[in-house]
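Asks: Sharing upload.pdb below, PDB, C-alpha atoms:
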```
ATOM      1  CA  MET A 166     334.937  47.483  -3.199
ATOM      2  CA  LYS A 167     335.354  44.322  -1.270
ATOM      3  CA  PRO A 168     338.253  44.074   1.045
ATOM      4  CA  GLU A 169     339.929  41.939  -1.204
ATOM      5  CA  ALA A 170     341.069  44.484  -0.598
ATOM      6  CA  VAL A 171     341.726  42.796  -1.271
ATOM      7  CA  VAL A 172     343.711  40.269  -1.483
ATOM      8  CA  LEU A 173     345.239  40.261   1.857
ATOM      9  CA  GLN A 174     343.691  38.430   4.697
ATOM     10  CA  LYS A 175     346.010  39.870   7.274
ATOM     11  CA  PRO A 176     347.888  42.799   5.892
ATOM     12  CA  MET A 177     351.211  43.407   7.504
ATOM     13  CA  ASP A 178     350.252  47.005   7.932
ATOM     14  CA  PRO A 179     347.667  49.452   6.639
ATOM     15  CA  ALA A 180     350.046  50.672   3.974
ATOM     16  CA  GLN A 181     350.323  47.169   2.575
ATOM     17  CA  ALA A 182     346.558  46.892   2.396
ATOM     18  CA  THR A 183     346.525  50.241   0.636
ATOM     19  CA  LEU A 184     349.112  48.968  -1.823
ATOM     20  CA  ALA A 185     347.054  45.838  -2.414
ATOM     21  CA  ASN A 186     343.967  47.954  -2.995
ATOM     22  CA  GLY A 187     345.893  49.905  -5.587
ATOM     23  CA  VAL A 188     347.022  46.729  -7.345
ATOM     24  CA  TYR A 189     343.451  45.551  -7.542
ATOM     25  CA  CYS A 190     342.172  48.884  -8.835
ATOM     26  CA  GLY A 191     344.911  49.061 -11.453
ATOM     27  CA  ASP A 192     344.004  45.585 -12.611
ATOM     28  CA  VAL A 193     340.294  46.407 -12.791
ATOM     29  CA  PHE A 194     340.974  49.714 -14.498
ATOM     30  CA  LYS A 195     342.942  48.005 -17.219
ATOM     31  CA  ARG A 196     340.482  45.146 -17.553
ATOM     32  CA  LEU A 197     337.396  47.327 -17.927
ATOM     33  CA  THR A 198     338.856  49.707 -20.472
ATOM     34  CA  ARG A 199     339.998  47.561 -23.316
ATOM     35  CA  PHE A 200     341.553  49.237 -26.308
ATOM     36  CA  ASP A 201     339.505  46.866 -28.442
ATOM     37  CA  ASP A 202     336.343  48.402 -27.048
ATOM     38  CA  GLY A 203     337.328  51.894 -28.051
ATOM     39  CA  TRP A 204     339.170  53.068 -24.975
ATOM     40  CA  SER A 205     341.994  55.350 -25.773
ATOM     41  CA  SER A 206     345.438  53.999 -25.265
ATOM     42  CA  SER A 207     347.042  57.392 -25.568
ATOM     43  CA  ILE A 208     345.952  58.416 -22.128
ATOM     44  CA  ALA A 209     345.270  54.982 -20.775
ATOM     45  CA  TRP A 210     347.194  55.788 -17.690
ATOM     46  CA  THR A 211     347.804  59.053 -15.997
ATOM     47  CA  ASN A 212     350.983  58.502 -14.166
ATOM     48  CA  TYR A 213     351.370  62.125 -13.481
ATOM     49  CA  LEU A 214     347.932  63.456 -13.113
ATOM     50  CA  GLY A 215     349.158  66.586 -11.573
ATOM     51  CA  TYR A 216     350.807  69.735 -12.627
ATOM     52  CA  ASP A 217     354.332  69.361 -13.766
ATOM     53  CA  THR A 218     354.863  73.016 -14.240
ATOM     54  CA  PRO A 219     352.548  75.790 -13.287
ATOM     55  CA  GLY A 220     349.317  75.472 -15.144
ATOM     56  CA  GLU A 221     350.123  72.255 -16.931
ATOM     57  CA  MET A 222     348.856  68.797 -16.359
ATOM     58  CA  ASP A 223     350.659  65.666 -17.398
ATOM     59  CA  VAL A 224     348.710  62.795 -18.784
ATOM     60  CA  GLY A 225     350.222  59.735 -20.319
ATOM     61  CA  PHE A 226     351.474  56.246 -19.868
ATOM     62  CA  PRO A 227     354.001  55.745 -17.139
ATOM     63  CA  GLY A 228     357.211  57.160 -18.375
ATOM     64  CA  GLY A 229     355.507  58.740 -21.313
ATOM     65  CA  SER A 230     354.864  62.324 -21.972
ATOM     66  CA  GLY A 231     351.824  64.229 -22.967
ATOM     67  CA  ARG A 232     351.017  67.512 -21.426
ATOM     68  CA  ILE A 233     347.463  68.078 -22.196
ATOM     69  CA  LEU A 234     346.833  71.660 -21.420
ATOM     70  CA  THR A 235     347.867  74.900 -20.028
ATOM     71  CA  ARG A 236     344.834  75.891 -18.161
ATOM     72  CA  SER A 237     344.593  79.554 -18.597
ATOM     73  CA  GLY A 238     342.901  81.503 -15.926
ATOM     74  CA  LYS A 239     344.695  79.719 -13.143
ATOM     75  CA  SER A 240     346.958  81.752 -11.014
ATOM     76  CA  GLY A 241     350.665  81.217 -11.025
ATOM     77  CA  GLY A 242     352.450  78.718  -8.883
ATOM     78  CA  GLY A 243     350.649  75.773 -10.320
ATOM     79  CA  VAL A 244     347.288  74.350  -9.610
ATOM     80  CA  PRO A 245     347.269  71.704  -6.926
ATOM     81  CA  PRO A 246     346.236  68.278  -8.107
ATOM     82  CA  LYS A 247     343.290  68.519  -5.814
ATOM     83  CA  ASP A 248     341.704  70.202  -8.785
ATOM     84  CA  ASN A 249     341.860  66.854 -10.525
ATOM     85  CA  PHE A 250     338.649  65.819  -8.948
ATOM     86  CA  ASP A 251     336.034  63.621 -10.411
ATOM     87  CA  ALA A 252     332.517  64.973 -10.587
ATOM     88  CA  LEU A 253     331.955  64.018  -6.947
ATOM     89  CA  GLY A 254     335.049  65.761  -5.723
ATOM     90  CA  ARG A 255     337.318  62.755  -5.212
ATOM     91  CA  SER A 256     340.941  62.841  -6.245
ATOM     92  CA  ILE A 257     341.627  61.199  -9.583
ATOM     93  CA  LEU A 258     344.670  58.949  -9.812
ATOM     94  CA  ALA A 259     344.106  57.866 -13.418
ATOM     95  CA  VAL A 260     341.774  58.635 -16.262
ATOM     96  CA  LYS A 261     340.953  57.066 -19.591
ATOM     97  CA  ILE A 262     338.627  58.135 -22.368
ATOM     98  CA  ASN A 263     336.320  56.306 -24.746
ATOM     99  CA  ASP A 264     335.651  59.119 -27.133
ATOM    100  CA  ALA A 265     333.273  57.277 -29.435
ATOM    101  CA  GLN A 266     331.017  56.296 -26.547
ATOM    102  CA  GLY A 267     331.378  59.542 -24.662
ATOM    103  CA  TRP A 268     332.628  57.696 -21.604
ATOM    104  CA  ALA A 269     335.378  58.359 -19.150
ATOM    105  CA  ALA A 270     336.909  55.931 -16.702
ATOM    106  CA  VAL A 271     338.522  57.271 -13.576
ATOM    107  CA  LEU A 272     340.491  55.576 -10.879
ATOM    108  CA  ILE A 273     339.877  57.539  -7.750
ATOM    109  CA  ASP A 274     341.123  57.726  -4.213
ATOM    110  CA  ARG A 275     338.043  56.606  -2.369
ATOM    111  CA  GLY A 276     339.242  57.466   1.092
ATOM    112  CA  PRO A 277     339.375  55.215   4.158
ATOM    113  CA  ASP A 278     339.024  51.495   3.599
ATOM    114  CA  ASP A 279     336.246  50.390   5.910
ATOM    115  CA  ASP A 280     337.475  46.823   5.851
ATOM    116  CA  ASN A 281     341.078  47.581   6.722
ATOM    117  CA  PRO A 282     341.492  50.138   9.485
ATOM    118  CA  GLY A 283     344.031  52.745   8.609
ATOM    119  CA  ALA A 284     344.200  51.762   4.961
ATOM    120  CA  GLN A 285     342.987  53.704   1.986
ATOM    121  CA  ASP A 286     340.822  52.369  -0.787
ATOM    122  CA  CYS A 287     340.311  53.175  -4.433
ATOM    123  CA  GLU A 288     337.600  52.661  -6.978
ATOM    124  CA  VAL A 289     337.167  52.574 -10.724
ATOM    125  CA  ILE A 290     334.187  54.470 -12.060
ATOM    126  CA  ILE A 291     332.975  54.599 -15.653
ATOM    127  CA  GLY A 292     330.349  56.972 -16.929
ATOM    128  CA  LYS A 293     329.483  59.738 -19.311
ATOM    129  CA  PHE A 294     331.973  62.555 -19.387
ATOM    130  CA  ALA A 295     329.756  64.980 -17.529
ATOM    131  CA  ASP A 296     328.867  62.424 -14.892
ATOM    132  CA  VAL A 297     332.442  61.493 -14.121
ATOM    133  CA  LEU A 298     334.639  64.481 -14.899
ATOM    134  CA  THR A 299     334.543  68.096 -13.927
ATOM    135  CA  PRO A 300     333.902  70.637 -16.684
ATOM    136  CA  ASP A 301     337.456  71.865 -16.215
ATOM    137  CA  LEU A 302     338.950  68.455 -16.849
ATOM    138  CA  ILE A 303     336.644  67.821 -19.781
ATOM    139  CA  ALA A 304     337.828  71.080 -21.273
ATOM    140  CA  ALA A 305     341.430  70.064 -20.736
ATOM    141  CA  LEU A 306     340.931  66.712 -22.417
ATOM    142  CA  ARG A 307     339.009  68.314 -25.253
ATOM    143  CA  PHE A 308     341.732  70.875 -25.764
ATOM    144  CA  LYS A 309     344.205  68.107 -26.547
ATOM    145  CA  SER A 310     341.634  66.173 -28.580
ATOM    146  CA  TYR A 311     341.375  63.266 -26.207
ATOM    147  CA  ILE A 312     337.741  64.200 -26.263
ATOM    148  CA  GLY A 313     336.180  65.205 -29.546
ATOM    149  CA  ARG A 314     338.365  63.224 -31.916
ATOM    150  CA  THR A 315     335.576  60.948 -33.036
ATOM    151  CA  PRO A 316     333.350  62.599 -35.629
TER     152      PRO A 316
ATOM    153  CA  MET B 290     361.433  44.732 -14.821
ATOM    154  CA  THR B 291     361.783  48.269 -13.669
ATOM    155  CA  MET B 292     358.408  49.723 -12.993
ATOM    156  CA  PRO B 293     357.635  53.357 -13.428
ATOM    157  CA  LYS B 294     356.306  54.772 -10.240
ATOM    158  CA  GLY B 295     352.822  55.954  -9.734
ATOM    159  CA  ARG B 296     354.191  59.123  -8.345
ATOM    160  CA  LEU B 297     351.736  61.915  -8.105
ATOM    161  CA  TRP B 298     352.677  65.492  -8.352
ATOM    162  CA  GLN B 299     351.330  66.441  -4.997
ATOM    163  CA  PRO B 300     349.301  63.689  -3.415
ATOM    164  CA  ASP B 301     346.795  64.498  -0.754
ATOM    165  CA  SER B 302     348.450  61.932   1.464
ATOM    166  CA  PRO B 303     351.268  59.376   1.387
ATOM    167  CA  GLN B 304     348.643  56.672   1.157
ATOM    168  CA  GLN B 305     347.331  58.188  -2.035
ATOM    169  CA  GLU B 306     350.721  57.710  -3.575
ATOM    170  CA  VAL B 307     350.807  54.135  -2.312
ATOM    171  CA  LEU B 308     347.478  53.585  -4.047
ATOM    172  CA  ALA B 309     348.970  54.969  -7.234
ATOM    173  CA  ASN B 310     352.016  52.730  -6.924
ATOM    174  CA  GLY B 311     349.798  49.711  -6.523
ATOM    175  CA  ALA B 312     347.605  50.752  -9.419
ATOM    176  CA  VAL B 313     350.624  50.946 -11.715
ATOM    177  CA  CYS B 314     351.592  47.397 -10.765
ATOM    178  CA  GLY B 315     348.048  46.070 -11.158
ATOM    179  CA  ASN B 316     347.714  47.816 -14.460
ATOM    180  CA  ALA B 317     350.958  46.279 -15.669
ATOM    181  CA  LEU B 318     350.001  42.803 -14.500
ATOM    182  CA  ARG B 319     346.751  43.022 -16.444
ATOM    183  CA  ALA B 320     348.597  44.285 -19.497
ATOM    184  CA  ILE B 321     350.835  41.227 -19.398
ATOM    185  CA  ALA B 322     347.829  38.960 -18.946
ATOM    186  CA  LYS B 323     346.224  40.471 -22.024
ATOM    187  CA  MET B 324     349.403  40.022 -23.995
ATOM    188  CA  TRP B 325     349.591  36.380 -22.987
ATOM    189  CA  ALA B 326     345.943  35.862 -23.834
ATOM    190  CA  ARG B 327     346.508  37.177 -27.318
ATOM    191  CA  ASP B 328     349.666  35.178 -27.775
ATOM    192  CA  ASP B 329     347.583  32.134 -27.204
ATOM    193  CA  PHE B 330     345.124  33.165 -29.856
ATOM    194  CA  THR B 331     344.550  30.625 -32.579
ATOM    195  CA  GLY B 332     342.709  32.701 -35.194
ATOM    196  CA  THR B 333     343.934  34.806 -38.072
ATOM    197  CA  PRO B 334     346.554  37.497 -37.493
ATOM    198  CA  ASP B 335     344.057  40.288 -38.161
ATOM    199  CA  LEU B 336     341.611  39.031 -35.629
ATOM    200  CA  GLN B 337     344.415  38.471 -33.214
ATOM    201  CA  PHE B 338     345.431  42.104 -33.507
ATOM    202  CA  PHE B 339     342.000  43.304 -32.610
ATOM    203  CA  GLY B 340     341.714  40.772 -29.872
ATOM    204  CA  THR B 341     338.252  39.717 -30.837
ATOM    205  CA  VAL B 342     337.113  36.222 -30.472
ATOM    206  CA  ARG B 343     339.051  33.282 -29.359
ATOM    207  CA  GLY B 344     342.104  33.091 -27.210
ATOM    208  CA  HIS B 345     342.289  32.938 -23.466
ATOM    209  CA  ASP B 346     340.324  35.268 -21.309
ATOM    210  CA  PRO B 347     342.871  37.387 -19.458
ATOM    211  CA  THR B 348     340.449  37.612 -16.565
ATOM    212  CA  ALA B 349     341.228  34.022 -15.798
ATOM    213  CA  ILE B 350     344.954  34.596 -15.831
ATOM    214  CA  VAL B 351     345.246  37.049 -12.929
ATOM    215  CA  HIS B 352     344.942  35.658  -9.423
ATOM    216  CA  TYR B 353     344.788  37.074  -5.923
ATOM    217  CA  PRO B 354     345.787  35.392  -2.691
ATOM    218  CA  ILE B 355     342.320  35.749  -1.242
ATOM    219  CA  ASP B 356     340.986  33.566  -4.022
ATOM    220  CA  HIS B 357     343.267  30.714  -3.079
ATOM    221  CA  PHE B 358     344.387  31.137   0.491
ATOM    222  CA  ALA B 359     341.287  32.390   2.195
ATOM    223  CA  GLU B 360     340.659  30.032   5.048
ATOM    224  CA  ASP B 361     343.053  27.190   4.874
ATOM    225  CA  ASP B 362     345.852  28.601   6.948
ATOM    226  CA  ASP B 363     346.024  29.824  10.464
ATOM    227  CA  PRO B 364     347.039  32.504  10.674
ATOM    228  CA  VAL B 365     345.855  33.261   7.218
ATOM    229  CA  MET B 366     348.408  35.286   5.400
ATOM    230  CA  SER B 367     349.602  36.146   1.979
ATOM    231  CA  PRO B 368     352.055  33.900   0.220
ATOM    232  CA  PHE B 369     355.630  35.070   0.089
ATOM    233  CA  THR B 370     358.208  34.767  -2.602
ATOM    234  CA  GLU B 371     360.841  32.108  -2.162
ATOM    235  CA  ILE B 372     363.838  31.742  -4.426
ATOM    236  CA  MET B 373     364.100  35.017  -6.262
ATOM    237  CA  GLY B 374     367.823  35.519  -6.111
ATOM    238  CA  LEU B 375     368.133  36.986  -9.554
ATOM    239  CA  HIS B 376     365.539  39.568  -8.718
ATOM    240  CA  ARG B 377     366.647  40.250  -5.150
ATOM    241  CA  ALA B 378     363.106  39.695  -4.064
ATOM    242  CA  GLU B 379     363.111  36.909  -1.521
ATOM    243  CA  ASP B 380     360.504  36.683   1.197
ATOM    244  CA  LEU B 381     358.295  39.429  -0.108
ATOM    245  CA  PRO B 382     354.509  39.349   0.184
ATOM    246  CA  ILE B 383     352.822  38.460  -3.089
ATOM    247  CA  LEU B 384     349.849  40.705  -3.819
ATOM    248  CA  ALA B 385     348.800  39.177  -7.141
ATOM    249  CA  TRP B 386     350.106  36.890  -9.819
ATOM    250  CA  ALA B 387     349.404  35.766 -13.343
ATOM    251  CA  ILE B 388     350.259  32.603 -15.178
ATOM    252  CA  ALA B 389     350.361  32.429 -18.950
ATOM    253  CA  PRO B 390     348.292  29.846 -20.787
ATOM    254  CA  GLY B 391     350.436  26.764 -20.996
ATOM    255  CA  ALA B 392     352.242  27.840 -17.828
ATOM    256  CA  GLY B 393     355.375  28.844 -19.645
ATOM    257  CA  SER B 394     355.543  32.251 -18.009
ATOM    258  CA  ALA B 395     354.370  33.878 -14.833
ATOM    259  CA  ALA B 396     354.441  37.274 -13.215
ATOM    260  CA  VAL B 397     353.999  38.377  -9.641
ATOM    261  CA  VAL B 398     353.327  41.689  -7.995
ATOM    262  CA  VAL B 399     355.161  41.919  -4.706
ATOM    263  CA  ASP B 400     355.268  44.416  -1.911
ATOM    264  CA  MET B 401     358.905  45.465  -1.957
ATOM    265  CA  LEU B 402     358.716  46.252   1.754
ATOM    266  CA  GLU B 403     360.698  49.325   0.975
ATOM    267  CA  ARG B 404     359.637  52.429   2.727
ATOM    268  CA  PRO B 405     361.482  55.102   0.830
ATOM    269  CA  SER B 406     360.923  58.631   1.869
ATOM    270  CA  ARG B 407     360.016  61.234  -0.603
ATOM    271  CA  PRO B 408     361.595  64.633  -0.548
ATOM    272  CA  GLY B 409     359.088  67.286   0.137
ATOM    273  CA  MET B 410     356.734  65.056   2.062
ATOM    274  CA  GLU B 411     357.163  65.399   5.759
ATOM    275  CA  SER B 412     354.870  64.620   8.593
ATOM    276  CA  GLU B 413     353.481  67.316  10.807
ATOM    277  CA  ARG B 414     356.410  66.695  13.112
ATOM    278  CA  GLY B 415     358.819  67.230  10.251
ATOM    279  CA  GLU B 416     359.775  63.583   9.876
ATOM    280  CA  PRO B 417     360.217  62.017   6.443
ATOM    281  CA  VAL B 418     357.082  60.347   5.152
ATOM    282  CA  THR B 419     357.571  56.925   3.667
ATOM    283  CA  TYR B 420     355.398  54.958   1.330
ATOM    284  CA  ASN B 421     355.069  51.388   0.131
ATOM    285  CA  ASP B 422     356.053  50.384  -3.324
ATOM    286  CA  CYS B 423     355.511  47.294  -5.410
ATOM    287  CA  GLN B 424     357.317  45.531  -8.193
ATOM    288  CA  LEU B 425     356.235  43.366 -11.074
ATOM    289  CA  ILE B 426     358.540  40.407 -11.616
ATOM    290  CA  GLN B 427     358.372  38.087 -14.576
ATOM    291  CA  GLY B 428     359.875  34.681 -15.179
ATOM    292  CA  THR B 429     358.941  31.068 -15.429
ATOM    293  CA  PRO B 430     356.407  29.858 -12.869
ATOM    294  CA  SER B 431     359.058  27.951 -10.953
ATOM    295  CA  GLU B 432     361.251  31.021 -10.856
ATOM    296  CA  VAL B 433     358.788  33.518  -9.538
ATOM    297  CA  LEU B 434     356.060  31.560  -7.755
ATOM    298  CA  PRO B 435     356.485  29.902  -4.372
ATOM    299  CA  ARG B 436     355.702  26.286  -3.872
ATOM    300  CA  ARG B 437     352.413  27.114  -2.164
ATOM    301  CA  ILE B 438     351.103  28.836  -5.257
ATOM    302  CA  LEU B 439     352.528  26.272  -7.635
ATOM    303  CA  GLU B 440     350.628  23.640  -5.712
ATOM    304  CA  LYS B 441     347.428  25.622  -5.635
ATOM    305  CA  MET B 442     347.621  26.197  -9.360
ATOM    306  CA  GLY B 443     348.310  22.550 -10.066
ATOM    307  CA  LEU B 444     351.740  23.210 -11.501
ATOM    308  CA  ILE B 445     353.571  20.702  -9.317
TER     309      ILE B 445
END
```
Any chance you could give the structure as structure tokens?

Replies:
Amino acid sequence: MKPEAVVLQKPMDPAQATLANGVYCGDVFKRLTRFDDGWSSSIAWTNYLGYDTPGEMDVGFPGGSGRILTRSGKSGGGVPPKDNFDALGRSILAVKINDAQGWAAVLIDRGPDDDNPGAQDCEVIIGKFADVLTPDLIAALRFKSYIGRTP
Amino acid sequence: MTMPKGRLWQPDSPQQEVLANGAVCGNALRAIAKMWARDDFTGTPDLQFFGTVRGHDPTAIVHYPIDHFAEDDDPVMSPFTEIMGLHRAEDLPILAWAIAPGAGSAAVVVDMLERPSRPGMESERGEPVTYNDCQLIQGTPSEVLPRRILEKMGLI
């Protein structure tokens, strides 16, 4: 991603550049995954893509609810959100599904922003389920019918 | 408008949560832009619902400072809010904005410059870890946009 990063020519501090990167990614994420094009609105935003209680993962619009799965087989004490990796092992901040097309969109923490020292960057990636999501996350989304609804 | 936070259950780093905060604001700004684009739609109600053809392209409604303030100031810096008394948001950096077709409404995403700490997140030295947050503010263009942006957008 460009340093539009965004947006700021001289960020007041790295955290502000990080915030600006997030704004840009959230905008792009929303823009590329239109409901009209078949993207699910039910999990359009994963505000809490982590484990609310041991073994459960929250997915939903901000303020909404929607636990998608109790992942059996995980040990007690909850599974750290680090397990919410994309297929390349990067932390997922948001996910959205286009079931009919077999696509997933993920907003990921991309790591250090090369254009803004000290800041962190994000990226929106869209691809086939298996290319973007881990088998574990695919199973979770399938369990709650976010994947597999479309005949 | 009170924004839900992009709080993560257990972020890898404070910056990851800042990213999430920003993403919530950017997501909301785009949602408003889409709503405005559809409001401006001139076709039948059914087509309007599905957002198909005509109407404004929401892509054109969202703006970033870098698109308008890139090289014309020295030092180059982001625009700041001005009179935002009702929102208690004066002198905050503007990260993005949107203006509705017809310029009857506008929205800005600002860095709140708050650095709240989050319980449970401490630095290695045991100090509270703070993180940036943003806010989406809606109003008329003259209410929420500073003069610099109003001029750039041809609104004054």

Asks: Tell me which residues come within 10 Å of (352.7, 28.7, -16.3), as number ranges by chain, counting all atoms listed in the file in the file's coordinates.

Replies: B: 350, 387-396, 428-431, 434, 439, 442-444

Asks: If you count only C-alpha atoms, which residues fall within 10 Å of A:Pro277, apart from same-chain ones fewer than 6 positions away, as a list in words?

Replies: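 Neighbouring residues, sequence-local ones excluded: Thr183, Gly283, Ala284, Gln285, Asp286 and Cys287 of chain A; Gln304 of chain B.
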
Asks: On this structure, which residues satisfy the PyMOL selection byres ((chain A and resi 195) around 9), written as a ChimeraX atom specification?

Replies: /A:190-194,196-199,209-210 /B:315-317,319-320

Asks: Name all residues at most 6 Å from stretch 252-260 of chain A (count only C-alpha atoms; drop same-chain ones fewer than 4 positions away) and give them as a list in words.

Replies: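 Here the answer would be Trp210, Thr211, Ala270, Val271, Leu272, Ile273, Asp274, Val297, Leu298 and Thr299 of chain A.
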
Asks: Give the answer as one residue: which of B:Glu440, B:Glu379, B:Asp301, B:Glu432 has the shortest atom-to-atom distance to chain A, using all atoms listed in the file?

Replies: B:Asp301

Asks: Quick one: pull the distance between atom CA of B:Trp386 and atom CA of B:His352, Å, one decimal.

Replies: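 One can read the atom CA of B:Trp386 to atom CA of B:His352 distance as 5.3 Å.
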
Asks: Pick the closest to chain B from A:Asp264, A:Asp251, A:Asp278, A:Asp296: which is it, counting all atoms listed in the file?

Replies: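 Using all atoms listed in the file, the shortest distance to chain B belongs to A:Asp278.
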
Asks: What is the atom CA of A:Val188 to atom CA of B:Ala312 distance in Å?

Replies: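 Atom-to-atom, atom CA of A:Val188 to atom CA of B:Ala312, that is 4.6 Å.
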
Asks: From the set B:Ile355, B:Val433, B:Leu381, B:Ile321, which residue has the shortest atom-to-atom contact distance to chain A, counting only C-alpha atoms?

Replies: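 Of B:Ile355, B:Val433, B:Leu381, B:Ile321, the one nearest chain A, counting only C-alpha atoms, is B:Ile355.
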
Asks: Return the single residue from A:Asp178, A:Ala185, A:Gln266, A:Arg275 that is closest to chain B, with distances computed using all atoms listed in the file.

Replies: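 Between A:Asp178, A:Ala185, A:Gln266, A:Arg275, the residue approaching chain B most closely is A:Ala185.
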
Asks: Name all residues at most 6 Å from A:Leu184 (count only C-alpha atoms; drop same-chain ones fewer than 2 positions away) and give them as a ChimeraX atom specification.

Replies: /A:181-182,186-187 /B:307-308,311

Asks: Could you check which of B:Ala378, B:Val351, B:Met324, B:Ile426 is closest to chain A, using all atoms listed in the file?

Replies: B:Val351

Asks: So which one's closest to chain B, A:Tyr311, A:Trp204, A:Gly276, A:Asp301? Using only C-alpha atoms, please.

Replies: A:Gly276

Asks: Go ahead and compute the interatomic distance for atom CA of B:Thr370 and atom CA of B:Pro382, in Å to one decimal.

Replies: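 Atom CA of B:Pro382 lies 6.5 Å from atom CA of B:Thr370.
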
Asks: I'd like to see the residues matched by the PyMOL selection byres ((chain B and resi 401) around 6) on this file, and ideally I'd get them as a VMD selection string.

Replies: chain B and resid 399 to 400 402 to 403 422 to 423

Asks: Please list as a VMD selection string every residue within 10 Å of A:Gly313, counting all atoms listed in the file and excluding residues in the same chain fewer than 5 positions away.

Replies: chain A and resid 264 to 265 267 306 to 308
